[in-house]
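Asker: This one is upload_32.pdb, PDB, C-alpha atoms and all ligand atoms.
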ATOM      1  CA  MET A1075       9.612 -36.978 -20.490  1.00  0.00           C
ATOM      2  CA  ILE A1076      10.280 -39.478 -23.288  1.00  0.00           C
ATOM      3  CA  ILE A1077      13.618 -39.124 -25.074  1.00  0.00           C
ATOM      4  CA  ASP A1078      13.320 -41.121 -28.245  1.00  0.00           C
ATOM      5  CA  LEU A1079      14.390 -39.729 -31.613  1.00  0.00           C
ATOM      6  CA  SER A1080      11.765 -41.858 -33.358  1.00  0.00           C
ATOM      7  CA  LEU A1081       9.348 -39.139 -32.139  1.00  0.00           C
ATOM      8  CA  VAL A1082      10.772 -36.982 -34.948  1.00  0.00           C
ATOM      9  CA  GLY A1083      10.993 -39.869 -37.423  1.00  0.00           C
ATOM     10  CA  MET A1084      14.686 -40.624 -36.843  1.00  0.00           C
ATOM     11  CA  GLU A1085      15.896 -44.220 -37.078  1.00  0.00           C
ATOM     12  CA  LYS A1086      19.185 -45.549 -35.738  1.00  0.00           C
ATOM     13  CA  GLY A1087      22.004 -45.343 -38.305  1.00  0.00           C
ATOM     14  CA  GLN A1088      20.197 -42.922 -40.626  1.00  0.00           C
ATOM     15  CA  GLN A1089      21.182 -39.371 -41.541  1.00  0.00           C
ATOM     16  CA  TYR A1090      18.739 -36.472 -41.563  1.00  0.00           C
ATOM     17  CA  GLU A1091      18.998 -32.770 -42.394  1.00  0.00           C
ATOM     18  CA  ALA A1092      18.137 -30.250 -39.711  1.00  0.00           C
ATOM     19  CA  ILE A1093      19.095 -26.736 -38.656  1.00  0.00           C
ATOM     20  CA  ILE A1094      21.462 -26.384 -35.732  1.00  0.00           C
ATOM     21  CA  THR A1095      21.137 -23.182 -33.724  1.00  0.00           C
ATOM     22  CA  THR A1096      23.890 -21.968 -31.429  1.00  0.00           C
ATOM     23  CA  VAL A1097      25.112 -18.817 -29.705  1.00  0.00           C
ATOM     24  CA  ASP A1098      28.574 -17.255 -29.404  1.00  0.00           C
ATOM     25  CA  ASP A1099      30.243 -15.666 -26.363  1.00  0.00           C
ATOM     26  CA  LYS A1100      28.753 -12.257 -27.254  1.00  0.00           C
ATOM     27  CA  GLY A1101      25.196 -13.617 -27.464  1.00  0.00           C
ATOM     28  CA  ASN A1102      25.014 -13.619 -31.284  1.00  0.00           C
ATOM     29  CA  LYS A1103      22.593 -16.273 -32.534  1.00  0.00           C
ATOM     30  CA  ASN A1104      23.567 -18.543 -35.416  1.00  0.00           C
ATOM     31  CA  ALA A1105      21.774 -21.098 -37.574  1.00  0.00           C
ATOM     32  CA  ALA A1106      23.142 -23.578 -40.131  1.00  0.00           C
ATOM     33  CA  PRO A1107      21.823 -26.705 -41.866  1.00  0.00           C
ATOM     34  CA  ILE A1108      23.780 -29.759 -40.694  1.00  0.00           C
ATOM     35  CA  GLY A1109      23.430 -33.498 -41.295  1.00  0.00           C
ATOM     36  CA  ILE A1110      22.350 -35.293 -38.115  1.00  0.00           C
ATOM     37  CA  ILE A1111      23.080 -39.003 -37.723  1.00  0.00           C
ATOM     38  CA  CYS A1112      20.865 -40.867 -35.266  1.00  0.00           C
ATOM     39  CA  LYS A1113      23.252 -43.116 -33.270  1.00  0.00           C
ATOM     40  CA  GLU A1114      20.822 -44.256 -30.551  1.00  0.00           C
ATOM     41  CA  LYS A1115      17.341 -43.172 -29.572  1.00  0.00           C
ATOM     42  CA  ASP A1116      18.988 -40.536 -27.325  1.00  0.00           C
ATOM     43  CA  LYS A1117      22.286 -39.866 -29.113  1.00  0.00           C
ATOM     44  CA  ILE A1118      23.210 -38.004 -32.269  1.00  0.00           C
ATOM     45  CA  LEU A1119      26.391 -37.486 -34.213  1.00  0.00           C
ATOM     46  CA  CYS A1120      27.342 -34.674 -36.600  1.00  0.00           C
ATOM     47  CA  ARG A1121      30.409 -34.017 -38.692  1.00  0.00           C
ATOM     48  CA  ILE A1122      31.134 -30.320 -39.008  1.00  0.00           C
ATOM     49  CA  PHE A1123      33.879 -28.706 -41.093  1.00  0.00           C
ATOM     50  CA  GLU A1124      36.485 -26.529 -39.411  1.00  0.00           C
ATOM     51  CA  GLY A1125      35.854 -22.828 -39.892  1.00  0.00           C
ATOM     52  CA  SER A1126      32.103 -22.846 -39.381  1.00  0.00           C
ATOM     53  CA  THR A1127      30.497 -20.670 -36.727  1.00  0.00           C
ATOM     54  CA  THR A1128      28.349 -23.628 -35.675  1.00  0.00           C
ATOM     55  CA  LEU A1129      31.412 -25.712 -34.850  1.00  0.00           C
ATOM     56  CA  ASN A1130      33.079 -22.854 -32.918  1.00  0.00           C
ATOM     57  CA  ASN A1131      29.900 -22.257 -30.885  1.00  0.00           C
ATOM     58  CA  ILE A1132      29.369 -25.953 -30.146  1.00  0.00           C
ATOM     59  CA  VAL A1133      32.955 -26.364 -28.949  1.00  0.00           C
ATOM     60  CA  LEU A1134      32.579 -23.205 -26.824  1.00  0.00           C
ATOM     61  CA  ASN A1135      29.233 -24.005 -25.148  1.00  0.00           C
ATOM     62  CA  GLU A1136      29.064 -27.811 -25.447  1.00  0.00           C
ATOM     63  CA  GLU A1137      25.345 -27.513 -26.104  1.00  0.00           C
ATOM     64  CA  PHE A1138      23.141 -26.706 -29.078  1.00  0.00           C
ATOM     65  CA  ILE A1139      19.662 -27.047 -30.531  1.00  0.00           C
ATOM     66  CA  VAL A1140      18.640 -29.244 -33.471  1.00  0.00           C
ATOM     67  CA  ASN A1141      15.592 -27.675 -35.137  1.00  0.00           C
ATOM     68  CA  ILE A1142      13.366 -30.150 -36.989  1.00  0.00           C
ATOM     69  CA  THR A1143      11.709 -28.335 -39.855  1.00  0.00           C
ATOM     70  CA  THR A1144      10.935 -28.555 -43.553  1.00  0.00           C
ATOM     71  CA  ASN A1145      10.653 -24.773 -43.887  1.00  0.00           C
ATOM     72  CA  PRO A1146      12.461 -24.022 -47.197  1.00  0.00           C
ATOM     73  CA  CYS A1147      13.304 -20.422 -46.205  1.00  0.00           C
ATOM     74  CA  PHE A1148      14.956 -21.501 -42.944  1.00  0.00           C
ATOM     75  CA  PHE A1149      17.193 -23.876 -44.903  1.00  0.00           C
ATOM     76  CA  THR A1150      17.934 -21.285 -47.595  1.00  0.00           C
ATOM     77  CA  PHE A1151      18.594 -18.277 -45.340  1.00  0.00           C
ATOM     78  CA  SER A1152      20.820 -20.289 -43.027  1.00  0.00           C
ATOM     79  CA  THR A1153      22.806 -21.714 -45.965  1.00  0.00           C
ATOM     80  CA  ILE A1154      23.316 -18.459 -47.850  1.00  0.00           C
ATOM     81  CA  GLY A1155      23.860 -16.217 -44.824  1.00  0.00           C
ATOM     82  CA  ASN A1156      22.211 -16.208 -41.436  1.00  0.00           C
ATOM     83  CA  ILE A1157      18.582 -16.294 -40.384  1.00  0.00           C
ATOM     84  CA  PRO A1158      17.245 -12.820 -39.473  1.00  0.00           C
ATOM     85  CA  GLU A1159      16.860 -12.172 -35.733  1.00  0.00           C
ATOM     86  CA  ASN A1160      13.026 -12.039 -35.918  1.00  0.00           C
ATOM     87  CA  PHE A1161      12.900 -15.694 -37.086  1.00  0.00           C
ATOM     88  CA  PHE A1162      14.184 -16.810 -33.670  1.00  0.00           C
ATOM     89  CA  MET A1163      11.765 -17.573 -30.862  1.00  0.00           C
ATOM     90  CA  GLU A1164      11.429 -15.304 -27.844  1.00  0.00           C
ATOM     91  CA  SER A1165      12.399 -17.613 -25.002  1.00  0.00           C
ATOM     92  CA  ASP A1166      14.110 -17.794 -21.631  1.00  0.00           C
ATOM     93  CA  SER A1167      16.371 -20.541 -22.950  1.00  0.00           C
ATOM     94  CA  ASN A1168      20.058 -19.616 -23.188  1.00  0.00           C
ATOM     95  CA  LEU A1169      20.105 -21.326 -26.596  1.00  0.00           C
ATOM     96  CA  PRO A1170      18.425 -19.840 -29.681  1.00  0.00           C
ATOM     97  CA  ILE A1171      15.474 -21.733 -31.183  1.00  0.00           C
ATOM     98  CA  LEU A1172      13.769 -21.099 -34.535  1.00  0.00           C
ATOM     99  CA  ASN A1173      10.180 -19.891 -34.521  1.00  0.00           C
ATOM    100  CA  GLY A1174       7.445 -22.304 -35.568  1.00  0.00           C
ATOM    101  CA  VAL A1175       9.606 -25.385 -36.122  1.00  0.00           C
ATOM    102  CA  ASP A1176       7.910 -28.809 -35.920  1.00  0.00           C
ATOM    103  CA  ALA A1177      10.183 -29.864 -33.078  1.00  0.00           C
ATOM    104  CA  TYR A1178      13.463 -28.969 -31.452  1.00  0.00           C
ATOM    105  CA  ILE A1179      16.006 -31.071 -29.649  1.00  0.00           C
ATOM    106  CA  LYS A1180      18.298 -29.886 -26.861  1.00  0.00           C
ATOM    107  CA  CYS A1181      21.696 -31.548 -27.161  1.00  0.00           C
ATOM    108  CA  LYS A1182      24.700 -31.779 -24.832  1.00  0.00           C
ATOM    109  CA  VAL A1183      28.123 -32.686 -26.237  1.00  0.00           C
ATOM    110  CA  ILE A1184      29.650 -35.984 -25.018  1.00  0.00           C
ATOM    111  CA  ASN A1185      32.871 -35.786 -27.007  1.00  0.00           C
ATOM    112  CA  VAL A1186      34.509 -34.092 -30.003  1.00  0.00           C
ATOM    113  CA  LYS A1187      36.980 -35.941 -32.246  1.00  0.00           C
ATOM    114  CA  SER A1188      39.053 -34.694 -35.155  1.00  0.00           C
ATOM    115  CA  THR A1189      38.673 -36.218 -38.610  1.00  0.00           C
ATOM    116  CA  PHE A1190      38.992 -35.521 -42.322  1.00  0.00           C
ATOM    117  CA  LYS A1191      35.855 -35.474 -44.443  1.00  0.00           C
ATOM    118  CA  LYS A1192      35.176 -34.931 -48.141  1.00  0.00           C
ATOM    119  CA  THR A1193      33.009 -31.885 -48.901  1.00  0.00           C
ATOM    120  CA  ILE A1194      32.436 -33.091 -52.460  1.00  0.00           C
ATOM    121  CA  PRO A1195      32.736 -36.734 -53.636  1.00  0.00           C
ATOM    122  CA  ASN A1196      36.156 -37.433 -55.240  1.00  0.00           C
ATOM    123  CA  GLU A1197      37.619 -34.230 -53.746  1.00  0.00           C
ATOM    124  CA  LYS A1198      40.422 -33.989 -51.180  1.00  0.00           C
ATOM    125  CA  PRO A1199      39.144 -34.386 -47.574  1.00  0.00           C
ATOM    126  CA  SER A1200      39.044 -31.296 -45.326  1.00  0.00           C
ATOM    127  CA  GLU A1201      39.481 -31.001 -41.567  1.00  0.00           C
ATOM    128  CA  ALA A1202      36.309 -31.568 -39.591  1.00  0.00           C
ATOM    129  CA  LYS A1203      35.124 -32.548 -36.136  1.00  0.00           C
ATOM    130  CA  ILE A1204      32.885 -35.461 -35.230  1.00  0.00           C
ATOM    131  CA  ILE A1205      30.573 -34.426 -32.402  1.00  0.00           C
ATOM    132  CA  LEU A1206      28.735 -37.054 -30.386  1.00  0.00           C
ATOM    133  CA  SER A1207      25.934 -35.632 -28.231  1.00  0.00           C
ATOM    134  CA  ASP A1208      23.290 -36.680 -25.781  1.00  0.00           C
ATOM    135  CA  VAL A1209      19.702 -35.715 -26.470  1.00  0.00           C
ATOM    136  CA  GLU A1210      18.531 -33.999 -23.282  1.00  0.00           C
ATOM    137  CA  GLU A1211      15.039 -32.972 -24.345  1.00  0.00           C
ATOM    138  CA  ILE A1212      12.747 -33.282 -27.371  1.00  0.00           C
ATOM    139  CA  ILE A1213      10.093 -30.604 -27.673  1.00  0.00           C
ATOM    140  CA  LEU A1214       7.344 -31.523 -30.130  1.00  0.00           C
ATOM    141  CA  ASN A1215       5.330 -28.608 -31.498  1.00  0.00           C
ATOM    142  CA  ASN A1216       3.777 -30.843 -34.135  1.00  0.00           C
ATOM    143  CA  LYS A1217       3.168 -34.479 -33.245  1.00  0.00           C
ATOM    144  CA  CYS A1218       3.753 -35.430 -36.912  1.00  0.00           C
ATOM    145  CA  ALA A1219       7.243 -33.836 -36.884  1.00  0.00           C
ATOM    146  CA  LYS A1220       9.548 -35.695 -39.261  1.00  0.00           C
ATOM    147  CA  ALA A1221      13.202 -34.860 -39.871  1.00  0.00           C
ATOM    148  CA  ALA A1222      14.038 -34.228 -43.542  1.00  0.00           C
ATOM    149  CA  ASN A1223      15.925 -36.973 -45.378  1.00  0.00           C
ATOM    150  CA  ARG A1224      17.678 -36.310 -48.720  1.00  0.00           C
ATOM    151  CA  GLY A1225      17.117 -39.895 -49.842  1.00  0.00           C
ATOM    152  CA  PHE A1226      13.370 -39.528 -50.149  1.00  0.00           C
ATOM    153  CA  TYR A1227      13.525 -36.252 -52.119  1.00  0.00           C
ATOM    154  CA  SER A1228      16.185 -37.754 -54.421  1.00  0.00           C
ATOM    155  CA  LEU A1229      13.964 -40.767 -55.064  1.00  0.00           C
ATOM    156  CA  ILE A1230      10.966 -38.582 -55.942  1.00  0.00           C
ATOM    157  CA  GLU A1231      13.099 -36.557 -58.416  1.00  0.00           C
ATOM    158  CA  SER A1232      14.324 -39.795 -60.032  1.00  0.00           C
ATOM    159  CA  LEU A1233      10.761 -41.057 -60.373  1.00  0.00           C
ATOM    160  CA  VAL A1234       9.619 -37.813 -62.020  1.00  0.00           C
ATOM    161  CA  ASN A1235      12.564 -37.992 -64.458  1.00  0.00           C
ATOM    162  CA  PHE A1236      11.701 -41.646 -65.167  1.00  0.00           C
ATOM    163  CA  THR A1237       8.218 -40.644 -66.359  1.00  0.00           C
ATOM    164  CA  ARG A1238       9.837 -38.231 -68.857  1.00  0.00           C
ATOM    165  CA  ILE A1239      12.954 -40.053 -70.057  1.00  0.00           C
ATOM    166  CA  ASP A1240      11.334 -41.813 -73.044  1.00  0.00           C
ATOM    167  CA  LYS A1241       9.905 -38.540 -74.353  1.00  0.00           C
ATOM    168  CA  VAL A1242      13.080 -36.426 -74.526  1.00  0.00           C
ATOM    169  CA  ASP A1243      16.062 -36.119 -76.930  1.00  0.00           C
ATOM    170  CA  ASN A1244      19.353 -37.983 -76.351  1.00  0.00           C
ATOM    171  CA  GLU A1245      21.088 -35.066 -74.642  1.00  0.00           C
ATOM    172  CA  LYS A1246      18.285 -34.799 -72.079  1.00  0.00           C
ATOM    173  CA  LYS A1247      18.207 -38.625 -71.671  1.00  0.00           C
ATOM    174  CA  GLU A1248      21.899 -38.486 -70.726  1.00  0.00           C
ATOM    175  CA  TYR A1249      21.155 -35.681 -68.278  1.00  0.00           C
ATOM    176  CA  PHE A1250      18.407 -37.768 -66.643  1.00  0.00           C
ATOM    177  CA  ILE A1251      20.748 -40.781 -66.381  1.00  0.00           C
ATOM    178  CA  ASP A1252      23.376 -38.581 -64.697  1.00  0.00           C
ATOM    179  CA  ARG A1253      20.718 -37.301 -62.290  1.00  0.00           C
ATOM    180  CA  PHE A1254      19.665 -40.911 -61.621  1.00  0.00           C
ATOM    181  CA  LYS A1255      23.267 -41.868 -60.750  1.00  0.00           C
ATOM    182  CA  GLU A1256      23.600 -38.913 -58.398  1.00  0.00           C
ATOM    183  CA  SER A1257      20.306 -39.825 -56.672  1.00  0.00           C
ATOM    184  CA  GLN A1258      21.521 -43.412 -56.358  1.00  0.00           C
ATOM    185  CA  ARG A1259      24.740 -42.147 -54.728  1.00  0.00           C
ATOM    186  CA  ILE A1260      22.796 -39.981 -52.256  1.00  0.00           C
ATOM    187  CA  ILE A1261      20.316 -42.746 -51.412  1.00  0.00           C
ATOM    188  CA  ASN A1262      23.105 -45.281 -50.871  1.00  0.00           C
ATOM    189  CA  LYS A1263      24.768 -42.781 -48.527  1.00  0.00           C
ATOM    190  CA  VAL A1264      21.854 -41.422 -46.507  1.00  0.00           C
ATOM    191  CA  GLY A1265      18.684 -43.217 -47.569  1.00  0.00           C
ATOM    192  CA  SER A1266      16.658 -45.819 -45.702  1.00  0.00           C
ATOM    193  CA  ASN A1267      16.678 -49.507 -46.685  1.00  0.00           C
ATOM    194  CA  GLU A1268      13.298 -48.997 -48.359  1.00  0.00           C
ATOM    195  CA  GLU A1269      14.665 -46.083 -50.432  1.00  0.00           C
ATOM    196  CA  LYS A1270      17.684 -48.216 -51.405  1.00  0.00           C
ATOM    197  CA  LYS A1271      15.373 -51.029 -52.547  1.00  0.00           C
ATOM    198  CA  ALA A1272      13.241 -48.529 -54.479  1.00  0.00           C
ATOM    199  CA  ILE A1273      16.165 -46.886 -56.331  1.00  0.00           C
ATOM    200  CA  ASP A1274      17.647 -50.338 -57.179  1.00  0.00           C
ATOM    201  CA  PHE A1275      14.295 -51.368 -58.619  1.00  0.00           C
ATOM    202  CA  LEU A1276      14.133 -48.155 -60.653  1.00  0.00           C
ATOM    203  CA  GLY A1277      17.690 -48.800 -61.891  1.00  0.00           C
ATOM    204  CA  GLU A1278      16.789 -52.335 -63.017  1.00  0.00           C
ATOM    205  CA  THR A1279      13.740 -50.954 -64.807  1.00  0.00           C
ATOM    206  CA  LEU A1280      15.894 -48.403 -66.660  1.00  0.00           C
ATOM    207  CA  ILE A1281      18.349 -51.170 -67.673  1.00  0.00           C
ATOM    208  CA  ASN A1282      15.468 -53.355 -68.892  1.00  0.00           C
ATOM    209  CA  LYS A1283      14.306 -50.437 -71.014  1.00  0.00           C
ATOM    210  CA  GLY A1284      17.771 -50.342 -72.650  1.00  0.00           C
ATOM    211  CA  TYR A1285      19.357 -47.441 -70.730  1.00  0.00           C
ATOM    212  CA  LYS A1286      22.978 -47.790 -69.621  1.00  0.00           C
ATOM    213  CA  ILE A1287      23.440 -46.661 -66.037  1.00  0.00           C
ATOM    214  CA  ASP A1288      26.979 -47.783 -65.126  1.00  0.00           C
TER
HETATM  215  C1  LIG B1301      21.189 -29.604 -46.243  1.00  0.00           C
HETATM  216  C2  LIG B1301      22.584 -29.184 -45.810  1.00  0.00           C
HETATM  217  C3  LIG B1301      23.306 -30.017 -44.977  1.00  0.00           C
HETATM  218  C4  LIG B1301      24.574 -29.663 -44.542  1.00  0.00           C
HETATM  219  N1  LIG B1301      25.267 -30.510 -43.728  1.00  0.00           N
HETATM  220  C5  LIG B1301      26.485 -30.140 -43.261  1.00  0.00           C
HETATM  221  C6  LIG B1301      27.206 -31.014 -42.370  1.00  0.00           C
HETATM  222  O1  LIG B1301      26.756 -32.108 -42.000  1.00  0.00           O
HETATM  223  N2  LIG B1301      28.420 -30.572 -41.934  1.00  0.00           N
HETATM  224  C7  LIG B1301      28.953 -29.367 -42.292  1.00  0.00           C
HETATM  225  O2  LIG B1301      30.064 -29.033 -41.856  1.00  0.00           O
HETATM  226  N3  LIG B1301      28.296 -28.541 -43.158  1.00  0.00           N
HETATM  227  C8  LIG B1301      27.085 -28.888 -43.628  1.00  0.00           C
HETATM  228  N4  LIG B1301      26.404 -28.062 -44.478  1.00  0.00           N
HETATM  229  C9  LIG B1301      27.010 -26.787 -44.855  1.00  0.00           C
HETATM  230  C10 LIG B1301      26.831 -25.726 -43.765  1.00  0.00           C
HETATM  231  O3  LIG B1301      25.468 -25.556 -43.422  1.00  0.00           O
HETATM  232  C11 LIG B1301      27.372 -24.388 -44.304  1.00  0.00           C
HETATM  233  O4  LIG B1301      28.758 -24.518 -44.470  1.00  0.00           O
HETATM  234  C12 LIG B1301      27.044 -23.218 -43.433  1.00  0.00           C
HETATM  235  O5  LIG B1301      27.395 -22.062 -44.151  1.00  0.00           O
HETATM  236  C13 LIG B1301      27.792 -23.180 -42.109  1.00  0.00           C
HETATM  237  O6  LIG B1301      27.324 -22.014 -41.449  1.00  0.00           O
HETATM  238  P1  LIG B1301      27.962 -21.426 -40.124  1.00  0.00           P
HETATM  239  O7  LIG B1301      29.350 -20.921 -40.454  1.00  0.00           O
HETATM  240  O8  LIG B1301      27.022 -20.320 -39.763  1.00  0.00           O
HETATM  241  O9  LIG B1301      28.010 -22.523 -39.112  1.00  0.00           O
HETATM  242  C14 LIG B1301      25.137 -28.412 -44.952  1.00  0.00           C
HETATM  243  C15 LIG B1301      24.394 -27.582 -45.790  1.00  0.00           C
HETATM  244  C16 LIG B1301      23.141 -27.960 -46.226  1.00  0.00           C
HETATM  245  C17 LIG B1301      22.379 -27.058 -47.142  1.00  0.00           C
END
Kindly transcribe the structure held in the file into structure tokens.

Answerer:
Amino acid sequence: MIIDLSLVGMEKGQQYEAIITTVDDKGNKNAAPIGIICKEKDKILCRIFEGSTTLNNIVLNEEFIVNITTNPCFFTFSTIGNIPENFFMESDSNLPILNGVDAYIKCKVINVKSTFKKTIPNEKPSEAKIILSDVEEIILNNKCAKAANRGFYSLIESLVNFTRIDKVDNEKKEYFIDRFKESQRIINKVGSNEEKKAIDFLGETLINKGYKID
């Protein structure tokens, strides 16, 4: 069995968005979107805020599943509340897995460290835990499985806005510039080197057109 996170499109040092599924001591299944940082081809790191069910369950069981999916409803349901029971797979595994995901990764905790992390840029940091885990198994349901990355979606939004910016009034131009800056912030935080190059190039193009972006 090959354990290499590049099988799901993850590169060392990059952050991706996935859905972590866990279980509590009463057998209740839980799902939540969490940022996954690829540390090595067989190691991941996540930073999870205190108070979340996911964190409690991970600390309790020291194992969890990372579901690789781009299913919009899985992300939405698990953000707003929980994912209904019938969206979980029937399986003999002691850990819950989402139905029909492109891939899922079985993880075992190596260590948990305390930290402070900002929920929102420029806000006061909140208590969180940094969880380093070993990847024990990668199950590919779709050989083209690719973990979601916010950088790429942010870049696409910026490009769409770029095609419209010359055609709108000043208020909307300002809105597009604000959106550009936010995309730039996201890409610089979680994007790939290629996405960083692309957003810099877009920024230079906006400046050359006479827009002020700093
Ligand atoms: C795309 C996305 C990524 C997220 N990443 C994280 C993260 O890395 N760490 C974290 O603590 N919360 C993160 N969240 C917020 C949690 O998913 C959210 O607080 C959730 O309600 C926690 O659910 P739980 O209490 O069932 O664990 C993220 C949310 C979204 C939508």

Asker: Applied to this file, what does the PyMOL selection byres (((not hetatm)) within 9 of (chain B and resi 1301)) return in terms of residues, put as an NGL selection string?

Answerer: :A and (1090-1096 or 1104-1111 or 1120-1131 or 1149-1150 or 1152-1156 or 1193 or 1202-1203 or 1222 or 1224)

Asker: Between A:Asn1262, A:Ser1188, A:Asn1223, A:Asn1173, which one has atoms that come closest to Cys1112 of chain A, using only C-alpha atoms?

Answerer: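 Among the listed residues, A:Asn1223 lies closest to Cys1112 of chain A.
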
Asker: Name the residues that the PyMOL selection byres (((chain A and resi 1088) around 8) and not hetatm) pulls out of this structure, and write them as an NGL selection string.

Answerer: :A and (1084-1087 or 1089-1090 or 1111-1113 or 1264-1266)

Asker: Looking at only C-alpha atoms, which of A:Ile1142, A:Val1082, A:Ile1157, A:Leu1214 is the one that sits closest to Asn1102 of chain A?

Answerer: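 Among A:Ile1142, A:Val1082, A:Ile1157, A:Leu1214, it is A:Ile1157 that comes nearest to Asn1102 of chain A.
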
Asker: Which residues match the PyMOL selection byres (((chain A and resi 1231-1244) around 9) and not hetatm) in the file above, as a VMD selection string?

Answerer: chain A and resid 1226 to 1230 1245 to 1251 1253 to 1254 1257 to 1258 1273 1276 1280

Asker: Using all atoms listed in the file, determine which residues lie at most 10 Å from Asn1135 of chain A, disregarding the query and same-chain residues fewer than 6 positions distant; provide the list as a list of chain:residue names.

Answerer: A:Thr1096, A:Val1097, A:Asp1098, A:Asp1099, A:Leu1169, A:Lys1182, A:Val1183

Asker: Would you output that residue set with C-alpha atoms, as a PDB file, keeping the file's coordinate frame?

Answerer:
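Saved the output as again.pdb:
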ATOM      1  CA  THR A1096      23.890 -21.968 -31.429  1.00  0.00           C
ATOM      2  CA  VAL A1097      25.112 -18.817 -29.705  1.00  0.00           C
ATOM      3  CA  ASP A1098      28.574 -17.255 -29.404  1.00  0.00           C
ATOM      4  CA  ASP A1099      30.243 -15.666 -26.363  1.00  0.00           C
ATOM      5  CA  LEU A1169      20.105 -21.326 -26.596  1.00  0.00           C
ATOM      6  CA  LYS A1182      24.700 -31.779 -24.832  1.00  0.00           C
ATOM      7  CA  VAL A1183      28.123 -32.686 -26.237  1.00  0.00           C
TER       8      VAL A1183
END
